[in-house]
Every structure is written in structure tokens, then in C-alpha cells.
$ cat input-v2.csv   # CSV, N, CA and C atoms
chain,number,residue,atom,x,y,z
A,47,MET,N,-53.9,215.4,-54.2
A,47,MET,CA,-53.3,214.8,-53.1
A,47,MET,C,-53.2,213.3,-53.4
A,48,ASN,N,-52.1,212.8,-52.9
A,48,ASN,CA,-51.8,211.4,-53.2
A,48,ASN,C,-52.4,210.5,-52.0
A,49,TRP,N,-53.5,209.9,-52.3
A,49,TRP,CA,-54.3,209.1,-51.3
A,49,TRP,C,-53.5,207.9,-50.9
A,50,GLN,N,-52.6,207.3,-51.7
A,50,GLN,CA,-51.9,206.1,-51.3
A,50,GLN,C,-51.1,206.3,-50.1
A,51,ARG,N,-50.5,207.5,-49.9
A,51,ARG,CA,-49.7,207.8,-48.8
A,51,ARG,C,-50.5,207.8,-47.5
A,52,ILE,N,-51.8,207.9,-47.6
A,52,ILE,CA,-52.7,207.9,-46.4
A,52,ILE,C,-53.3,206.5,-46.2
A,53,LEU,N,-53.8,206.0,-47.3
A,53,LEU,CA,-54.6,204.8,-47.3
A,53,LEU,C,-53.8,203.5,-47.0
A,54,VAL,N,-52.6,203.4,-47.5
A,54,VAL,CA,-51.8,202.2,-47.3
A,54,VAL,C,-51.4,202.0,-45.8
A,55,PRO,N,-50.9,203.1,-45.1
A,55,PRO,CA,-50.7,202.9,-43.6
A,55,PRO,C,-52.0,202.6,-42.9
A,56,ILE,N,-53.1,203.2,-43.2
A,56,ILE,CA,-54.3,202.9,-42.6
A,56,ILE,C,-54.8,201.5,-42.8
A,57,ALA,N,-54.6,201.0,-44.0
A,57,ALA,CA,-55.0,199.6,-44.4
A,57,ALA,C,-54.1,198.7,-43.6
A,58,GLY,N,-52.8,199.0,-43.5
A,58,GLY,CA,-51.9,198.1,-42.7
A,58,GLY,C,-52.3,198.1,-41.2
A,59,ALA,N,-52.6,199.2,-40.6
A,59,ALA,CA,-53.1,199.2,-39.2
A,59,ALA,C,-54.4,198.5,-39.1
A,60,ALA,N,-55.3,198.6,-40.0
A,60,ALA,CA,-56.6,197.9,-39.9
A,60,ALA,C,-56.3,196.4,-40.0
A,61,LEU,N,-55.4,195.9,-40.9
A,61,LEU,CA,-55.1,194.5,-41.0
A,61,LEU,C,-54.5,194.0,-39.6
A,62,VAL,N,-53.6,194.8,-39.0
A,62,VAL,CA,-53.1,194.4,-37.7
A,62,VAL,C,-54.2,194.3,-36.7
A,63,ALA,N,-55.1,195.3,-36.7
A,63,ALA,CA,-56.2,195.3,-35.7
A,63,ALA,C,-57.1,194.1,-35.9
A,64,MET,N,-57.4,193.8,-37.2
A,64,MET,CA,-58.3,192.6,-37.4
A,64,MET,C,-57.6,191.3,-37.1
A,65,ALA,N,-56.3,191.2,-37.3
A,65,ALA,CA,-55.5,190.0,-36.9
A,65,ALA,C,-55.5,189.9,-35.4
A,66,TRP,N,-55.3,190.9,-34.7
A,66,TRP,CA,-55.4,190.9,-33.2
A,66,TRP,C,-56.7,190.4,-32.7
A,67,ARG,N,-57.8,191.0,-33.3
A,67,ARG,CA,-59.1,190.6,-32.9
A,67,ARG,C,-59.5,189.2,-33.2
A,68,SER,N,-59.0,188.7,-34.4
A,68,SER,CA,-59.3,187.3,-34.8
A,68,SER,C,-58.5,186.2,-34.2
A,69,TRP,N,-57.1,186.4,-34.2
A,69,TRP,CA,-56.2,185.4,-33.7
A,69,TRP,C,-55.3,185.7,-32.6
A,70,GLY,N,-55.3,187.0,-32.1
A,70,GLY,CA,-54.4,187.4,-31.0
A,70,GLY,C,-53.0,187.6,-31.5
A,71,TRP,N,-52.1,187.4,-30.7
A,71,TRP,CA,-50.7,187.6,-31.0
A,71,TRP,C,-50.2,186.8,-32.2
A,72,PRO,N,-50.5,185.6,-32.4
A,72,PRO,CA,-50.1,184.9,-33.6
A,72,PRO,C,-50.6,185.6,-34.9
A,73,GLY,N,-51.8,186.1,-34.9
A,73,GLY,CA,-52.3,186.8,-36.1
A,73,GLY,C,-51.5,188.1,-36.3
A,74,VAL,N,-51.2,188.8,-35.2
A,74,VAL,CA,-50.4,190.1,-35.4
A,74,VAL,C,-49.1,189.7,-36.0
A,75,ALA,N,-48.4,188.7,-35.4
A,75,ALA,CA,-47.1,188.3,-35.9
A,75,ALA,C,-47.2,187.9,-37.4
A,76,LEU,N,-48.2,187.2,-37.8
A,76,LEU,CA,-48.4,186.9,-39.2
A,76,LEU,C,-48.5,188.1,-40.1
A,77,VAL,N,-49.4,189.0,-39.8
A,77,VAL,CA,-49.7,190.2,-40.6
A,77,VAL,C,-48.5,191.1,-40.6
A,78,VAL,N,-47.8,191.3,-39.5
A,78,VAL,CA,-46.7,192.2,-39.4
A,78,VAL,C,-45.5,191.6,-40.3
A,79,GLY,N,-45.4,190.3,-40.2
A,79,GLY,CA,-44.4,189.6,-41.0
A,79,GLY,C,-44.7,189.8,-42.5
A,80,ALA,N,-46.0,189.7,-42.9
A,80,ALA,CA,-46.3,189.9,-44.3
A,80,ALA,C,-46.1,191.3,-44.8
A,81,ILE,N,-46.4,192.3,-43.9
A,81,ILE,CA,-46.1,193.7,-44.2
A,81,ILE,C,-44.6,193.9,-44.4
A,82,VAL,N,-43.8,193.4,-43.5
A,82,VAL,CA,-42.4,193.5,-43.6
A,82,VAL,C,-41.8,192.9,-44.9
A,83,MET,N,-42.3,191.7,-45.2
A,83,MET,CA,-41.9,191.1,-46.5
A,83,MET,C,-42.2,191.9,-47.7
A,84,TRP,N,-43.4,192.5,-47.7
A,84,TRP,CA,-43.9,193.4,-48.8
A,84,TRP,C,-42.9,194.6,-48.9
A,85,LEU,N,-42.6,195.2,-47.7
A,85,LEU,CA,-41.6,196.4,-47.7
A,85,LEU,C,-40.3,195.9,-48.2
A,86,LEU,N,-39.8,194.8,-47.8
A,86,LEU,CA,-38.5,194.3,-48.3
A,86,LEU,C,-38.4,194.0,-49.8
A,87,LEU,N,-39.5,193.5,-50.3
A,87,LEU,CA,-39.6,193.3,-51.8
A,87,LEU,C,-39.5,194.6,-52.5
A,88,HIS,N,-40.2,195.6,-52.1
A,88,HIS,CA,-40.1,196.9,-52.7
A,88,HIS,C,-38.7,197.6,-52.6
A,89,PHE,N,-38.1,197.4,-51.4
A,89,PHE,CA,-36.8,197.9,-51.2
A,89,PHE,C,-35.8,197.2,-52.1
A,90,THR,N,-35.9,195.9,-52.2
A,90,THR,CA,-35.0,195.2,-53.1
A,90,THR,C,-35.1,195.6,-54.5
A,91,ARG,N,-36.4,195.8,-55.0
A,91,ARG,CA,-36.6,196.3,-56.4
A,91,ARG,C,-35.9,197.6,-56.6
A,92,LEU,N,-36.1,198.5,-55.6
A,92,LEU,CA,-35.5,199.9,-55.7
A,92,LEU,C,-34.0,199.8,-55.8
A,93,THR,N,-33.4,199.0,-54.9
A,93,THR,CA,-31.9,198.9,-55.0
A,93,THR,C,-31.4,198.3,-56.3
A,94,GLN,N,-32.1,197.3,-56.8
A,94,GLN,CA,-31.7,196.7,-58.0
A,94,GLN,C,-31.8,197.6,-59.2
A,95,VAL,N,-32.8,198.4,-59.3
A,95,VAL,CA,-33.0,199.4,-60.4
A,95,VAL,C,-31.9,200.4,-60.3
A,96,LEU,N,-31.6,200.9,-59.1
A,96,LEU,CA,-30.6,202.0,-58.9
A,96,LEU,C,-29.2,201.4,-59.1
A,97,LYS,N,-29.0,200.2,-58.8
A,97,LYS,CA,-27.7,199.6,-59.1
A,97,LYS,C,-27.4,199.4,-60.6
A,98,ARG,N,-28.4,199.1,-61.3
A,98,ARG,CA,-28.3,199.0,-62.8
A,98,ARG,C,-28.1,200.4,-63.4
A,99,ALA,N,-28.8,201.4,-62.8
A,99,ALA,CA,-28.7,202.7,-63.4
A,99,ALA,C,-27.4,203.4,-63.0
A,100,ALA,N,-26.7,202.9,-62.0
A,100,ALA,CA,-25.4,203.5,-61.6
A,100,ALA,C,-24.3,203.2,-62.5
A,101,ASP,N,-24.5,202.2,-63.4
A,101,ASP,CA,-23.4,201.8,-64.3
A,101,ASP,C,-23.5,202.7,-65.6
A,102,GLN,N,-24.5,203.5,-65.8
A,102,GLN,CA,-24.6,204.4,-67.0
A,102,GLN,C,-24.4,205.8,-66.7
A,103,PRO,N,-24.0,206.6,-67.7
A,103,PRO,CA,-24.0,208.1,-67.4
A,103,PRO,C,-25.4,208.6,-67.3
A,104,ILE,N,-25.5,209.7,-66.5
A,104,ILE,CA,-26.8,210.3,-66.3
A,104,ILE,C,-27.3,210.9,-67.6
A,105,GLY,N,-28.5,210.5,-67.9
A,105,GLY,CA,-29.2,211.0,-69.1
A,105,GLY,C,-28.9,210.2,-70.4
A,106,TYR,N,-28.2,209.1,-70.3
A,106,TYR,CA,-27.9,208.3,-71.5
A,106,TYR,C,-28.8,207.1,-71.5
A,107,VAL,N,-29.2,206.7,-72.7
A,107,VAL,CA,-30.0,205.5,-72.9
A,107,VAL,C,-29.5,204.8,-74.1
A,108,GLY,N,-29.5,203.5,-74.2
A,108,GLY,CA,-29.0,202.8,-75.4
A,108,GLY,C,-29.8,203.1,-76.6
A,109,SER,N,-31.1,203.2,-76.6
A,109,SER,CA,-31.9,203.5,-77.7
A,109,SER,C,-33.1,204.4,-77.3
A,110,ALA,N,-33.2,205.6,-77.7
A,110,ALA,CA,-34.3,206.5,-77.3
A,110,ALA,C,-35.6,206.0,-77.9
A,111,VAL,N,-35.5,205.5,-79.1
A,111,VAL,CA,-36.7,205.0,-79.9
A,111,VAL,C,-37.3,203.9,-79.1
A,112,MET,N,-36.5,202.9,-78.7
A,112,MET,CA,-37.0,201.8,-77.9
A,112,MET,C,-37.6,202.2,-76.6
A,113,LEU,N,-36.9,203.1,-75.9
A,113,LEU,CA,-37.5,203.6,-74.6
A,113,LEU,C,-38.8,204.3,-74.9
A,114,ASN,N,-38.9,205.1,-76.0
A,114,ASN,CA,-40.2,205.7,-76.3
A,114,ASN,C,-41.3,204.7,-76.6
A,115,ALA,N,-41.0,203.6,-77.2
A,115,ALA,CA,-42.0,202.6,-77.5
A,115,ALA,C,-42.5,201.9,-76.2
A,116,LYS,N,-41.6,201.8,-75.2
A,116,LYS,CA,-42.0,201.1,-74.0
A,116,LYS,C,-42.8,202.0,-73.0
A,117,LEU,N,-42.8,203.3,-73.2
A,117,LEU,CA,-43.5,204.2,-72.3
A,117,LEU,C,-45.0,204.2,-72.4
A,118,ARG,N,-45.6,204.4,-71.3
A,118,ARG,CA,-47.1,204.5,-71.3
A,118,ARG,C,-47.5,205.4,-70.1
A,119,PRO,N,-48.7,206.0,-70.1
A,119,PRO,CA,-49.1,207.0,-69.1
A,119,PRO,C,-49.1,206.3,-67.7
A,120,ASN,N,-48.8,207.1,-66.7
A,120,ASN,CA,-48.9,206.7,-65.3
A,120,ASN,C,-47.8,205.8,-64.8
A,121,LEU,N,-46.7,205.6,-65.6
A,121,LEU,CA,-45.6,204.8,-65.1
A,121,LEU,C,-44.9,205.7,-64.0
A,122,THR,N,-44.3,205.1,-63.0
A,122,THR,CA,-43.6,205.9,-62.0
A,122,THR,C,-42.2,206.2,-62.5
A,123,LEU,N,-41.6,207.2,-61.9
A,123,LEU,CA,-40.2,207.5,-62.3
A,123,LEU,C,-39.3,206.3,-62.1
A,124,LEU,N,-39.4,205.6,-61.0
A,124,LEU,CA,-38.6,204.4,-60.8
A,124,LEU,C,-38.8,203.4,-61.9
A,125,HIS,N,-40.0,203.2,-62.5
A,125,HIS,CA,-40.2,202.3,-63.6
A,125,HIS,C,-39.5,202.8,-64.8
A,126,VAL,N,-39.6,204.1,-65.1
A,126,VAL,CA,-39.0,204.6,-66.3
A,126,VAL,C,-37.4,204.5,-66.2
A,127,ILE,N,-36.9,204.7,-65.0
A,127,ILE,CA,-35.4,204.6,-64.8
A,127,ILE,C,-35.1,203.1,-65.0
A,128,GLY,N,-35.9,202.2,-64.6
A,128,GLY,CA,-35.7,200.8,-64.9
A,128,GLY,C,-35.7,200.4,-66.3
A,129,LEU,N,-36.6,201.0,-67.1
A,129,LEU,CA,-36.7,200.8,-68.5
A,129,LEU,C,-35.4,201.4,-69.3
A,130,ALA,N,-35.0,202.6,-68.8
A,130,ALA,CA,-33.9,203.3,-69.5
A,130,ALA,C,-32.6,202.7,-69.0
A,131,ARG,N,-32.6,202.1,-67.8
A,131,ARG,CA,-31.3,201.6,-67.2
A,131,ARG,C,-30.3,202.7,-66.9
A,132,ALA,N,-30.9,203.9,-66.7
A,132,ALA,CA,-30.0,205.1,-66.4
A,132,ALA,C,-30.9,206.2,-65.7
A,133,LEU,N,-30.3,207.0,-64.9
A,133,LEU,CA,-31.0,208.1,-64.3
A,133,LEU,C,-31.2,209.1,-65.4
A,134,GLY,N,-32.2,209.9,-65.4
A,134,GLY,CA,-32.5,210.9,-66.4
A,134,GLY,C,-31.8,212.2,-66.0
A,135,GLU,N,-31.5,213.0,-67.1
A,135,GLU,CA,-31.0,214.3,-66.8
A,135,GLU,C,-32.2,215.2,-66.5
A,136,GLN,N,-32.2,215.8,-65.3
A,136,GLN,CA,-33.3,216.6,-64.8
A,136,GLN,C,-33.2,218.0,-65.4
A,137,LEU,N,-34.3,218.4,-66.1
A,137,LEU,CA,-34.4,219.7,-66.8
A,137,LEU,C,-35.1,220.7,-66.0
A,138,SER,N,-36.0,220.3,-65.1
A,138,SER,CA,-36.8,221.2,-64.3
A,138,SER,C,-36.1,221.5,-63.0
A,139,PRO,N,-36.4,222.6,-62.3
A,139,PRO,CA,-35.9,222.9,-61.0
A,139,PRO,C,-36.3,221.8,-60.0
A,140,LYS,N,-35.5,221.5,-59.0
A,140,LYS,CA,-35.8,220.5,-58.0
A,140,LYS,C,-37.1,220.9,-57.3
A,141,GLU,N,-37.9,219.8,-56.9
A,141,GLU,CA,-39.1,220.0,-56.1
A,141,GLU,C,-40.1,220.9,-56.8
A,142,GLN,N,-40.1,221.0,-58.1
A,142,GLN,CA,-41.1,221.8,-58.8
A,142,GLN,C,-41.9,220.8,-59.7
A,143,GLN,N,-43.2,221.0,-59.8
A,143,GLN,CA,-44.1,220.2,-60.6
A,143,GLN,C,-44.3,220.9,-61.9
A,144,PRO,N,-44.4,220.3,-63.1
A,144,PRO,CA,-44.0,218.9,-63.3
A,144,PRO,C,-42.5,218.7,-63.4
A,145,GLU,N,-42.1,217.5,-63.0
A,145,GLU,CA,-40.6,217.2,-63.1
A,145,GLU,C,-40.4,216.7,-64.5
A,146,VAL,N,-39.3,217.3,-65.1
A,146,VAL,CA,-39.0,217.0,-66.5
A,146,VAL,C,-37.6,216.3,-66.5
A,147,PHE,N,-37.5,215.1,-67.1
A,147,PHE,CA,-36.3,214.4,-67.3
A,147,PHE,C,-36.0,214.1,-68.8
A,148,ARG,N,-34.8,214.0,-69.2
A,148,ARG,CA,-34.4,213.7,-70.6
A,148,ARG,C,-33.4,212.6,-70.6
A,149,TRP,N,-33.6,211.6,-71.6
A,149,TRP,CA,-32.6,210.6,-71.9
A,149,TRP,C,-32.2,210.7,-73.3
A,150,THR,N,-30.9,210.7,-73.6
A,150,THR,CA,-30.4,210.8,-75.0
A,150,THR,C,-29.6,209.6,-75.3
A,151,ASP,N,-29.7,209.2,-76.6
A,151,ASP,CA,-28.9,208.0,-77.1
A,151,ASP,C,-27.7,208.5,-77.9
A,152,GLY,N,-26.9,207.6,-78.4
A,152,GLY,CA,-25.7,207.9,-79.1
A,152,GLY,C,-25.9,208.6,-80.5
A,153,SER,N,-27.1,208.5,-81.1
A,153,SER,CA,-27.4,209.1,-82.4
A,153,SER,C,-28.0,210.5,-82.2
A,154,GLY,N,-28.2,211.0,-81.0
A,154,GLY,CA,-28.7,212.3,-80.8
A,154,GLY,C,-30.2,212.3,-80.6
A,155,SER,N,-30.9,211.2,-80.7
A,155,SER,CA,-32.3,211.1,-80.4
A,155,SER,C,-32.5,211.2,-78.9
A,156,ARG,N,-33.6,211.8,-78.5
A,156,ARG,CA,-33.8,212.0,-77.1
A,156,ARG,C,-35.3,211.9,-76.7
A,157,VAL,N,-35.5,211.4,-75.5
A,157,VAL,CA,-36.9,211.3,-75.0
A,157,VAL,C,-37.0,212.2,-73.8
A,158,THR,N,-37.9,213.1,-73.8
A,158,THR,CA,-38.2,214.0,-72.7
A,158,THR,C,-39.5,213.6,-72.0
A,159,CYS,N,-39.4,213.4,-70.7
A,159,CYS,CA,-40.6,212.9,-70.0
A,159,CYS,C,-41.0,213.9,-68.9
A,160,GLU,N,-42.3,214.1,-68.8
A,160,GLU,CA,-42.8,215.0,-67.7
A,160,GLU,C,-43.6,214.1,-66.7
A,161,PHE,N,-43.2,214.3,-65.5
A,161,PHE,CA,-43.9,213.5,-64.4
A,161,PHE,C,-44.6,214.5,-63.5
A,162,GLU,N,-45.9,214.2,-63.3
A,162,GLU,CA,-46.7,214.9,-62.4
A,162,GLU,C,-47.1,214.1,-61.2
A,163,GLN,N,-46.7,214.5,-60.0
A,163,GLN,CA,-46.9,213.7,-58.8
A,163,GLN,C,-46.3,212.4,-58.8
A,164,GLY,N,-45.1,212.3,-59.5
A,164,GLY,CA,-44.4,211.0,-59.6
A,164,GLY,C,-44.9,210.1,-60.6
A,165,LYS,N,-45.8,210.4,-61.4
A,165,LYS,CA,-46.4,209.6,-62.5
A,165,LYS,C,-46.1,210.2,-63.9
A,166,LEU,N,-45.8,209.4,-64.9
A,166,LEU,CA,-45.5,209.9,-66.2
A,166,LEU,C,-46.8,210.5,-66.8
A,167,ALA,N,-46.8,211.7,-67.2
A,167,ALA,CA,-47.9,212.4,-67.7
A,167,ALA,C,-47.8,212.5,-69.2
A,168,ARG,N,-46.6,213.0,-69.7
A,168,ARG,CA,-46.4,213.3,-71.1
A,168,ARG,C,-44.9,212.9,-71.4
A,169,TRP,N,-44.7,212.5,-72.7
A,169,TRP,CA,-43.4,212.3,-73.2
A,169,TRP,C,-43.3,212.6,-74.7
A,170,ARG,N,-42.1,212.9,-75.1
A,170,ARG,CA,-42.0,213.1,-76.6
A,170,ARG,C,-40.6,212.7,-77.0
A,171,LEU,N,-40.6,212.1,-78.2
A,171,LEU,CA,-39.3,211.7,-78.9
A,171,LEU,C,-38.9,212.8,-79.8
A,172,GLU,N,-37.6,213.2,-79.7
A,172,GLU,CA,-37.0,214.2,-80.6
A,172,GLU,C,-35.9,213.5,-81.3
A,173,ARG,N,-35.9,213.5,-82.6
A,173,ARG,CA,-34.9,212.9,-83.4
A,173,ARG,C,-34.1,214.0,-84.1
A,174,PRO,N,-32.8,213.8,-84.3
A,174,PRO,CA,-32.0,214.8,-85.0
A,174,PRO,C,-32.4,214.9,-86.4
A,175,PRO,N,-32.3,216.1,-87.0
A,175,PRO,CA,-32.7,216.2,-88.4
A,175,PRO,C,-31.7,215.4,-89.3
A,176,ALA,N,-32.3,214.8,-90.4
A,176,ALA,CA,-31.5,214.0,-91.3
A,176,ALA,C,-30.5,214.9,-92.0
A,177,ALA,N,-29.3,214.4,-92.3
A,177,ALA,CA,-28.3,215.1,-93.1
A,177,ALA,C,-28.8,215.5,-94.5
A,178,PRO,N,-28.4,216.7,-95.0
A,178,PRO,CA,-29.0,217.1,-96.3
A,178,PRO,C,-28.7,216.1,-97.5
A,179,ASP,N,-27.5,215.4,-97.4
A,179,ASP,CA,-27.2,214.5,-98.5
A,179,ASP,C,-27.8,213.2,-98.4
A,180,GLU,N,-28.5,212.9,-97.3
A,180,GLU,CA,-29.2,211.6,-97.1
A,180,GLU,C,-30.7,211.7,-97.5
A,181,PRO,N,-31.3,210.6,-98.0
A,181,PRO,CA,-32.7,210.6,-98.1
A,181,PRO,C,-33.4,210.5,-96.7
A,182,ALA,N,-34.6,211.0,-96.6
A,182,ALA,CA,-35.2,211.0,-95.3
A,182,ALA,C,-35.4,209.7,-94.6
A,183,GLY,N,-35.6,208.6,-95.3
A,183,GLY,CA,-35.7,207.3,-94.7
A,183,GLY,C,-34.5,206.6,-94.4
A,184,ALA,N,-33.3,207.1,-94.9
A,184,ALA,CA,-32.0,206.4,-94.7
A,184,ALA,C,-31.4,206.7,-93.4
A,185,ALA,N,-31.7,207.7,-92.7
A,185,ALA,CA,-31.1,208.1,-91.4
A,185,ALA,C,-31.4,207.0,-90.3
A,186,GLN,N,-30.4,206.5,-89.8
A,186,GLN,CA,-30.6,205.5,-88.7
A,186,GLN,C,-29.6,205.7,-87.6

$ encode --input "input-v2.csv" --output "C-alpha cells"
Amino acid sequence: MNWQRILVPIAGAALVAMAWRSWGWPGVALVVGAIVMWLLLHFTRLTQVLKRAADQPIGYVGSAVMLNAKLRPNLTLLHVIGLARALGEQLSPKEQQPEVFRWTDGSGSRVTCEFEQGKLARWRLERPPAAPDEPAGAAQ
């Protein structure tokens, strides 16, 4: 269960109640204003990430290797979309856990990410096989 969905609203209500008890209506106005500002900052971040991602094809990333290097456990899907600057190609059925998304670059390399409860759990980089006439280290 995602406790943040329960604890954050309870903490907000507790802050409003403490502000009312300590400073009355001016305290409530201050705390509610701070909560609204916090929500607006998150909304602005969400819209900026999605605006940047809208300019790219779904599932495309400039460099899968660089995206792979920037990934770490427990990143949110929004954060990974921000790193890739594109929406991922969804491989799993909708509303089923784990959610699986893939980003592919121009060379055929791809990063497949698995999200459990909205957090990055596992990912893997898949590179295309080297051409038979090329040495293994020369493929770029």
C-alpha cells in the first residue's frame, strides 16, 4: 500500500489545524497558501516534463546508453520520462503491475524499465549484436 497517499493529506490537515490553534485565521491562510504553492510547483514540473516529452516520438530516446547510466532504483515514472525526454513505449497491459516501458535509440539499443507501484524496480540495457565483419569493440 502506498502510505504517501494517506499520510500527505493527513499531514496537511494537521498543519492547518495546528495553524488554526496557534494563530487563528492568519495562520490558516499562511499554511493553506504554502500547501497551494507546493501543489502548483509539482503541477508546473509535471507540465514541463510532459511538454518536453511531447516533442519526441513515443519510445524514442537520444541515447539509450546515457539513459541507462542515469537510472537508479526508486525513480518515479515521471522522473524517467524527464530523463528520456520522451514517453516510453508501454509493453505491459494497462493497469497491470509491474508496468513495463521501453525506450529505443537510433542505433537499436534499448532500455526496458519495470515499475512497481510507480517506482523503478528493474531495468536492462539491450544492445544490438555487432555486425560479423566488425570487431566487437568497434560497434558504436

$ atom_distance --input "input-v2.csv" --atom1 "atom CA of A:Ala63" --atom2 "atom CA of A:Val78"
10.7 Å

$ closest_atom_pairs --input "input-v2.csv" --of "stretch 94-152 of chain A" --to "stretch 171-180 of chain A" --cutoff "8 Å" --atoms "all atoms listed in the file" --output "Markdown table"
| residue | atom | partner | partner_atom | distance |
| --- | --- | --- | --- | --- |
| A:Ala110 | C | A:Leu171 | CA | 6.9 |
| A:Val111 | CA | A:Leu171 | CA | 7.3 |
| A:Asn114 | CA | A:Leu171 | CA | 6.6 |

$ residues_near_point --input "input-v2.csv" --point "(-43.7, 213.8, -60.2)" --cutoff "8 Å" --atoms "all atoms listed in the file" --output "number ranges by chain"
A: 123, 142-146, 160-167

$ select_by_dssp --input "input-v2.csv" --residues "chain A" --states "strand (DSSP E)" --output "list in words"
Glu135, Gln136, Glu145, Val146, Phe147, Arg148, Trp149, Thr150, Arg156, Val157, Thr158, Cys159, Glu160, Phe161, Glu162, Lys165, Leu166, Ala167, Arg168, Trp169, Arg170, Leu171 and Glu172 of chain A

$ residues_around --input "input-v2.csv" --residues "A:Val95" --least-positions-apart "5" --cutoff "10 Å" --atoms "only C-alpha atoms" --output "list of chain:residue names"
A:Thr90, A:Ala100, A:Leu124, A:His125, A:Val126, A:Ile127, A:Gly128, A:Leu129, A:Ala130, A:Arg131, A:Ala132, A:Leu133

$ closest_residue --input "input-v2.csv" --among "A:Leu137, A:Leu85, A:Pro55, A:Trp149" --to "A:Gly105" --atoms "only N, CA and C atoms"
A:Trp149

$ atom_distance --input "input-v2.csv" --atom1 "atom C of A:Arg170" --atom2 "atom CA of A:Thr158"
5.1 Å

$ decode --input "input-v2.csv" --residues "stretch 150-163 of chain A" --atoms "C-alpha atoms" --output "short mmCIF file (atom, residue, chain, number, x, y, z; two decimals), in the first residue's frame"
data_model
loop_
_atom_site.label_atom_id
_atom_site.label_comp_id
_atom_site.auth_asym_id
_atom_site.auth_seq_id
_atom_site.Cartn_x
_atom_site.Cartn_y
_atom_site.Cartn_z
CA THR A 150 14.93 2.81 -28.12
CA ASP A 151 17.60 4.98 -29.74
CA GLY A 152 18.65 5.32 -33.38
CA SER A 153 21.31 2.60 -33.20
CA GLY A 154 18.84 -0.05 -32.00
CA SER A 155 19.94 -0.03 -28.36
CA ARG A 156 17.05 -0.06 -25.95
CA VAL A 157 16.35 0.34 -22.27
CA THR A 158 13.46 -1.64 -20.78
CA CYS A 159 12.22 -0.42 -17.40
CA GLU A 160 9.90 -2.15 -14.93
CA PHE A 161 7.93 -0.01 -12.49
CA GLU A 162 6.25 -1.42 -9.41
CA GLN A 163 3.76 0.90 -7.71
#
